[in-house]
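Engineer: Before we start, here is the structure in question, set down as structure tokens.
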Amino acid sequence: MSPTIVQWLVSKFGTRQYVGPFTAPGAAGVTAASQSNLDCRYSHIAAATATSFVATRPGSIVGVSAQLSAAITGAGTSIVVSVTKNGTEVACTASLTQAGAETKAYGTAAKGTLTFDAGDVLGISYTSTGISNTPTLVATLEIES
């Protein structure tokens with residue numbers, strides 16, 4: 001494909017990128033019984049302790065996905081995974097509940113709704129409510145520019 005066609009396609013449709021994985025900050029990525037807005041670690045080989053991704057160009061947050069190693073236990077419990085921009089949660093979440101016995105979930109947002117600029121810090125946090133087991137959490141952020 002010629003560079004001109006690629007440039008036209010990118011200008012017309014944008015590019016999509018998956019950022020992650022992000023893992024719960026507990027040992028081996030395990031979740032905690034009750035946490036509120038706990039930042040997940042951005043897992044990459046350069047720095048095991050980094051918690052976020054710095055955007056290199058402007059764009060939109062368009063999705064988040066989450067997966068647990070096992071369904072959570074404990075009556076009425078849940079885990080909500082949220083996208084963060086500059087440390088503040090935005091309206092793109094994935095919810096997992098004990099009642100639904102889910103081990104995977106996702107959330108989406110329309111392109112242009114949750115925007116960010118170059119230099120903004122994107123990440124993922126989670127809130128857990130009274131879970132009695134501590135499954136491993138892995139999450140991925142989807143962005144489009």
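Letters A, B, ... mark the chains of the structure tokens in the order given; residue numbers begin at 1 per chain; ligand numbers begin at 1, in order shown.
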Among chain A, which residues carry a DSSP assignment of alpha helix (DSSP H), reported as a list in words?
Structural biologist: Pro3, Thr4, Ile5, Val6, Gln7, Trp8, Leu9, Val10, Ser11, Lys12 and Phe13 of chain A
Engineer: Write out as a PyMOL selection string which residues come within 6 Å of range 64-81 of chain A when counting only C-alpha atoms, dropping same-chain ones fewer than 4 positions away.
Structural biologist: chain A and resi 93-98+101-107+125-133+135-142
Engineer: Next, dump the selected residues to file, keeping only C-alpha atoms, as an mmCIF file, in the first residue's frame.
Structural biologist:
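Contents of selection-v3.cif, as written:
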```cif
data_model
loop_
_atom_site.group_PDB
_atom_site.id
_atom_site.type_symbol
_atom_site.label_atom_id
_atom_site.label_comp_id
_atom_site.auth_asym_id
_atom_site.auth_seq_id
_atom_site.Cartn_x
_atom_site.Cartn_y
_atom_site.Cartn_z
ATOM 1 C CA THR A 93 -15.863 1.448 33.117
ATOM 2 C CA ALA A 94 -16.109 -2.324 33.151
ATOM 3 C CA SER A 95 -18.052 -3.965 36.002
ATOM 4 C CA LEU A 96 -17.743 -7.507 37.340
ATOM 5 C CA THR A 97 -20.172 -8.841 39.945
ATOM 6 C CA GLN A 98 -20.399 -11.873 42.177
ATOM 7 C CA ALA A 101 -20.011 -14.762 38.167
ATOM 8 C CA GLU A 102 -18.166 -12.759 35.492
ATOM 9 C CA THR A 103 -14.489 -13.178 34.787
ATOM 10 C CA LYS A 104 -14.371 -10.665 31.926
ATOM 11 C CA ALA A 105 -16.040 -7.351 31.138
ATOM 12 C CA TYR A 106 -15.633 -4.320 28.922
ATOM 13 C CA GLY A 107 -16.890 -0.789 28.506
ATOM 14 C CA SER A 125 -7.955 2.039 38.561
ATOM 15 C CA TYR A 126 -10.327 -0.344 40.264
ATOM 16 C CA THR A 127 -12.741 -0.310 43.157
ATOM 17 C CA SER A 128 -13.625 -3.570 44.917
ATOM 18 C CA THR A 129 -16.424 -4.030 47.410
ATOM 19 C CA GLY A 130 -16.145 -6.771 50.042
ATOM 20 C CA ILE A 131 -14.844 -9.589 47.856
ATOM 21 C CA SER A 132 -13.802 -12.650 49.850
ATOM 22 C CA ASN A 133 -11.289 -14.001 47.334
ATOM 23 C CA PRO A 135 -8.363 -12.997 41.893
ATOM 24 C CA THR A 136 -5.726 -11.573 39.573
ATOM 25 C CA LEU A 137 -6.890 -8.574 37.516
ATOM 26 C CA VAL A 138 -5.593 -7.634 34.068
ATOM 27 C CA ALA A 139 -7.034 -4.672 32.142
ATOM 28 C CA THR A 140 -6.385 -2.930 28.810
ATOM 29 C CA LEU A 141 -7.171 0.594 27.638
ATOM 30 C CA GLU A 142 -8.233 1.352 24.054
#
```
Engineer: To test your reading of the structure, identify every residue in range 34-144 of chain A that backbone DSSP assigns to strand (DSSP E), and report it as a ChimeraX atom specification.
Structural biologist: /A:35-39,41-42,52-54,59-68,78-85,88-97,104-108,115-116,121-129,137-144
Engineer: List the neighbours of Lys111 in chain A out to 12 Å using only C-alpha atoms; skip same-chain residues closer than 3 positions along the sequence, and give me the result as a PyMOL selection string.
Structural biologist: chain A and resi 13-16+58-63+92+108+114-116+142-145
Engineer: Put those residues in a file: all heavy atoms, as a CSV table (one decimal), in the first residue's frame.
Structural biologist:
```
chain,number,residue,atom,x,y,z
A,13,PHE,N,-9.9,7.9,9.0
A,13,PHE,CA,-10.5,7.0,10.0
A,13,PHE,C,-9.7,7.0,11.4
A,13,PHE,O,-10.1,6.4,12.3
A,13,PHE,CB,-10.5,5.5,9.5
A,13,PHE,CG,-11.3,5.4,8.3
A,13,PHE,CD1,-10.7,5.2,7.0
A,13,PHE,CD2,-12.7,5.4,8.3
A,13,PHE,CE1,-11.5,5.1,5.9
A,13,PHE,CE2,-13.5,5.3,7.2
A,13,PHE,CZ,-12.9,5.2,6.0
A,14,GLY,N,-8.5,7.6,11.4
A,14,GLY,CA,-7.7,7.6,12.7
A,14,GLY,C,-7.0,6.3,12.9
A,14,GLY,O,-7.0,5.4,12.0
A,15,THR,N,-6.4,6.2,14.0
A,15,THR,CA,-5.7,5.0,14.4
A,15,THR,C,-6.2,4.5,15.7
A,15,THR,O,-6.6,5.3,16.6
A,15,THR,CB,-4.1,5.2,14.4
A,15,THR,OG1,-3.8,6.2,15.4
A,15,THR,CG2,-3.6,5.6,13.1
A,16,ARG,N,-6.1,3.3,15.9
A,16,ARG,CA,-6.6,2.7,17.2
A,16,ARG,C,-5.4,2.0,17.8
A,16,ARG,O,-4.6,1.3,17.2
A,16,ARG,CB,-7.7,1.7,17.0
A,16,ARG,CG,-8.4,1.2,18.2
A,16,ARG,CD,-9.7,0.6,17.9
A,16,ARG,NE,-10.6,1.6,17.6
A,16,ARG,CZ,-11.9,1.4,17.5
A,16,ARG,NH1,-12.4,0.3,17.7
A,16,ARG,NH2,-12.7,2.4,17.2
A,58,PRO,N,-2.9,13.8,20.7
A,58,PRO,CA,-4.3,13.9,21.2
A,58,PRO,C,-5.1,12.7,20.7
A,58,PRO,O,-4.8,12.2,19.6
A,58,PRO,CB,-4.8,15.2,20.7
A,58,PRO,CG,-3.9,15.6,19.6
A,58,PRO,CD,-2.6,14.9,19.8
A,59,GLY,N,-6.2,12.4,21.4
A,59,GLY,CA,-7.1,11.4,20.9
A,59,GLY,C,-8.3,11.2,21.8
A,59,GLY,O,-8.6,12.1,22.6
A,60,SER,N,-8.9,10.0,21.7
A,60,SER,CA,-10.1,9.7,22.5
A,60,SER,C,-9.9,8.4,23.2
A,60,SER,O,-9.3,7.4,22.7
A,60,SER,CB,-11.3,9.6,21.6
A,60,SER,OG,-11.6,10.8,21.0
A,61,ILE,N,-10.4,8.3,24.4
A,61,ILE,CA,-10.5,7.0,25.1
A,61,ILE,C,-11.8,6.3,24.6
A,61,ILE,O,-12.9,6.9,24.6
A,61,ILE,CB,-10.7,7.2,26.6
A,61,ILE,CG1,-9.4,7.9,27.2
A,61,ILE,CG2,-11.0,5.9,27.3
A,61,ILE,CD1,-9.6,8.5,28.5
A,62,VAL,N,-11.7,5.1,24.0
A,62,VAL,CA,-12.8,4.5,23.4
A,62,VAL,C,-13.2,3.1,24.0
A,62,VAL,O,-14.2,2.6,23.7
A,62,VAL,CB,-12.7,4.3,21.9
A,62,VAL,CG1,-12.7,5.7,21.2
A,62,VAL,CG2,-11.4,3.5,21.5
A,63,GLY,N,-12.3,2.6,25.0
A,63,GLY,CA,-12.7,1.4,25.6
A,63,GLY,C,-11.8,1.0,26.7
A,63,GLY,O,-10.7,1.4,26.8
A,92,CYS,N,-15.7,5.7,31.6
A,92,CYS,CA,-15.5,4.5,30.8
A,92,CYS,C,-15.1,3.4,31.8
A,92,CYS,O,-14.0,3.4,32.3
A,92,CYS,CB,-14.4,4.7,29.8
A,92,CYS,SG,-14.3,3.3,28.6
A,108,THR,N,-17.3,0.8,26.7
A,108,THR,CA,-16.9,1.5,25.5
A,108,THR,C,-17.4,3.0,25.7
A,108,THR,O,-18.3,3.3,26.4
A,108,THR,CB,-17.4,0.9,24.2
A,108,THR,OG1,-18.8,0.9,24.3
A,108,THR,CG2,-16.8,-0.5,24.0
A,114,LEU,N,-14.7,11.2,25.2
A,114,LEU,CA,-13.7,11.3,26.3
A,114,LEU,C,-12.3,11.6,25.7
A,114,LEU,O,-11.5,10.7,25.4
A,114,LEU,CB,-13.6,9.9,27.1
A,114,LEU,CG,-14.9,9.5,27.8
A,114,LEU,CD1,-14.8,8.1,28.4
A,114,LEU,CD2,-15.3,10.5,28.8
A,115,THR,N,-12.0,12.8,25.5
A,115,THR,CA,-10.8,13.2,24.8
A,115,THR,C,-9.6,13.4,25.7
A,115,THR,O,-9.8,13.7,26.9
A,115,THR,CB,-11.0,14.5,23.9
A,115,THR,OG1,-11.4,15.5,24.8
A,115,THR,CG2,-12.1,14.3,22.9
A,116,PHE,N,-8.4,13.4,25.2
A,116,PHE,CA,-7.2,13.7,25.9
A,116,PHE,C,-6.2,14.4,24.9
A,116,PHE,O,-6.4,14.4,23.7
A,116,PHE,CB,-6.6,12.4,26.5
A,116,PHE,CG,-6.2,11.4,25.4
A,116,PHE,CD1,-5.0,11.4,24.8
A,116,PHE,CD2,-7.1,10.4,25.2
A,116,PHE,CE1,-4.7,10.4,23.8
A,116,PHE,CE2,-6.8,9.4,24.2
A,116,PHE,CZ,-5.6,9.4,23.6
A,142,GLU,N,-8.2,1.2,25.5
A,142,GLU,CA,-8.2,1.4,24.1
A,142,GLU,C,-8.4,2.8,23.8
A,142,GLU,O,-9.3,3.5,24.3
A,142,GLU,CB,-9.4,0.6,23.5
A,142,GLU,CG,-9.5,0.6,22.0
A,142,GLU,CD,-10.7,-0.1,21.4
A,142,GLU,OE1,-11.5,-0.6,22.2
A,142,GLU,OE2,-10.8,-0.2,20.2
A,143,ILE,N,-7.5,3.4,22.9
A,143,ILE,CA,-7.5,4.8,22.5
A,143,ILE,C,-7.5,4.9,21.0
A,143,ILE,O,-7.1,4.0,20.3
A,143,ILE,CB,-6.3,5.6,23.1
A,143,ILE,CG1,-5.0,5.0,22.6
A,143,ILE,CG2,-6.4,5.6,24.6
A,143,ILE,CD1,-3.8,5.8,23.1
A,144,GLU,N,-8.0,6.0,20.6
A,144,GLU,CA,-8.1,6.3,19.1
A,144,GLU,C,-7.7,7.7,18.9
A,144,GLU,O,-8.0,8.6,19.6
A,144,GLU,CB,-9.5,6.0,18.6
A,144,GLU,CG,-9.6,5.9,17.1
A,144,GLU,CD,-10.9,5.4,16.7
A,144,GLU,OE1,-11.5,4.5,17.4
A,144,GLU,OE2,-11.4,5.9,15.7
A,145,SER,N,-6.9,7.9,17.8
A,145,SER,CA,-6.5,9.3,17.5
A,145,SER,C,-6.8,9.6,16.0
A,145,SER,O,-7.2,8.7,15.3
A,145,SER,CB,-5.0,9.5,17.7
A,145,SER,OG,-4.2,8.6,17.0
```
Engineer: Using only C-alpha atoms, pick whichever of A:Ala55, A:Leu122, A:Leu38, A:Val83 has the shortest atom-to-atom distance to Ala109 in chain A.
Structural biologist: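 Closest residue, counting only C-alpha atoms: A:Val83.
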Engineer: Counting only C-alpha atoms, which of A:Gln17, A:Thr23, A:Thr84, A:Gln35 gets nearest to Arg57 in chain A?
Structural biologist: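 Among the listed residues, A:Gln17 lies closest to Arg57 in chain A.
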Engineer: Rounded to one decimal in Å, what is the spacing between CA of Gly87 in chain A and CA of Thr113 in chain A?
Structural biologist: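 Pair CA of Gly87 in chain A / CA of Thr113 in chain A returns 17.9 Å.
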Engineer: Neighbouring residues of Asp39 in chain A were defined as those with any atom within 8 Å, considering only C-alpha atoms; residues of the same chain fewer than 4 positions away were excluded. Please report them as a PyMOL selection string.
Structural biologist: chain A and resi 24-25+51+123-126
Engineer: Write the residues of the selection above to a file with N, CA and C atoms, as a PDB file, in the first residue's frame.
Structural biologist:
```pdb
ATOM      1  N   ALA A  24      -3.552  -5.280  38.751  1.00  0.00           N
ATOM      2  CA  ALA A  24      -3.774  -4.825  40.121  1.00  0.00           C
ATOM      3  C   ALA A  24      -2.415  -4.753  40.813  1.00  0.00           C
ATOM      4  N   PRO A  25      -2.201  -3.783  41.711  1.00  0.00           N
ATOM      5  CA  PRO A  25      -0.885  -3.578  42.298  1.00  0.00           C
ATOM      6  C   PRO A  25      -0.482  -4.575  43.373  1.00  0.00           C
ATOM      7  N   THR A  51       2.570   3.331  36.757  1.00  0.00           N
ATOM      8  CA  THR A  51       1.124   3.130  36.871  1.00  0.00           C
ATOM      9  C   THR A  51       0.346   3.719  35.708  1.00  0.00           C
ATOM     10  N   GLY A 123      -4.533   5.985  32.599  1.00  0.00           N
ATOM     11  CA  GLY A 123      -4.321   4.795  33.405  1.00  0.00           C
ATOM     12  C   GLY A 123      -5.622   4.079  33.689  1.00  0.00           C
ATOM     13  N   ILE A 124      -5.547   3.120  34.592  1.00  0.00           N
ATOM     14  CA  ILE A 124      -6.706   2.328  34.992  1.00  0.00           C
ATOM     15  C   ILE A 124      -6.670   2.176  36.505  1.00  0.00           C
ATOM     16  N   SER A 125      -7.840   2.300  37.128  1.00  0.00           N
ATOM     17  CA  SER A 125      -7.955   2.039  38.561  1.00  0.00           C
ATOM     18  C   SER A 125      -9.102   1.067  38.773  1.00  0.00           C
ATOM     19  N   TYR A 126      -9.186   0.523  39.978  1.00  0.00           N
ATOM     20  CA  TYR A 126     -10.327  -0.344  40.264  1.00  0.00           C
ATOM     21  C   TYR A 126     -10.826  -0.093  41.671  1.00  0.00           C
TER      22      TYR A 126
END
```
Engineer: Quick one: residues within 7 Å of Val54 in chain A, only C-alpha atoms, excluding same-chain residues fewer than 6 positions away - as a ChimeraX atom specification?
Structural biologist: /A:119-122
Engineer: Between CA of Thr56 in chain A and CA of Gly20 in chain A, what distance in Å does the model show, to one decimal?
Structural biologist: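 About the pair CA of Thr56 in chain A and CA of Gly20 in chain A: they are 15.1 Å apart.
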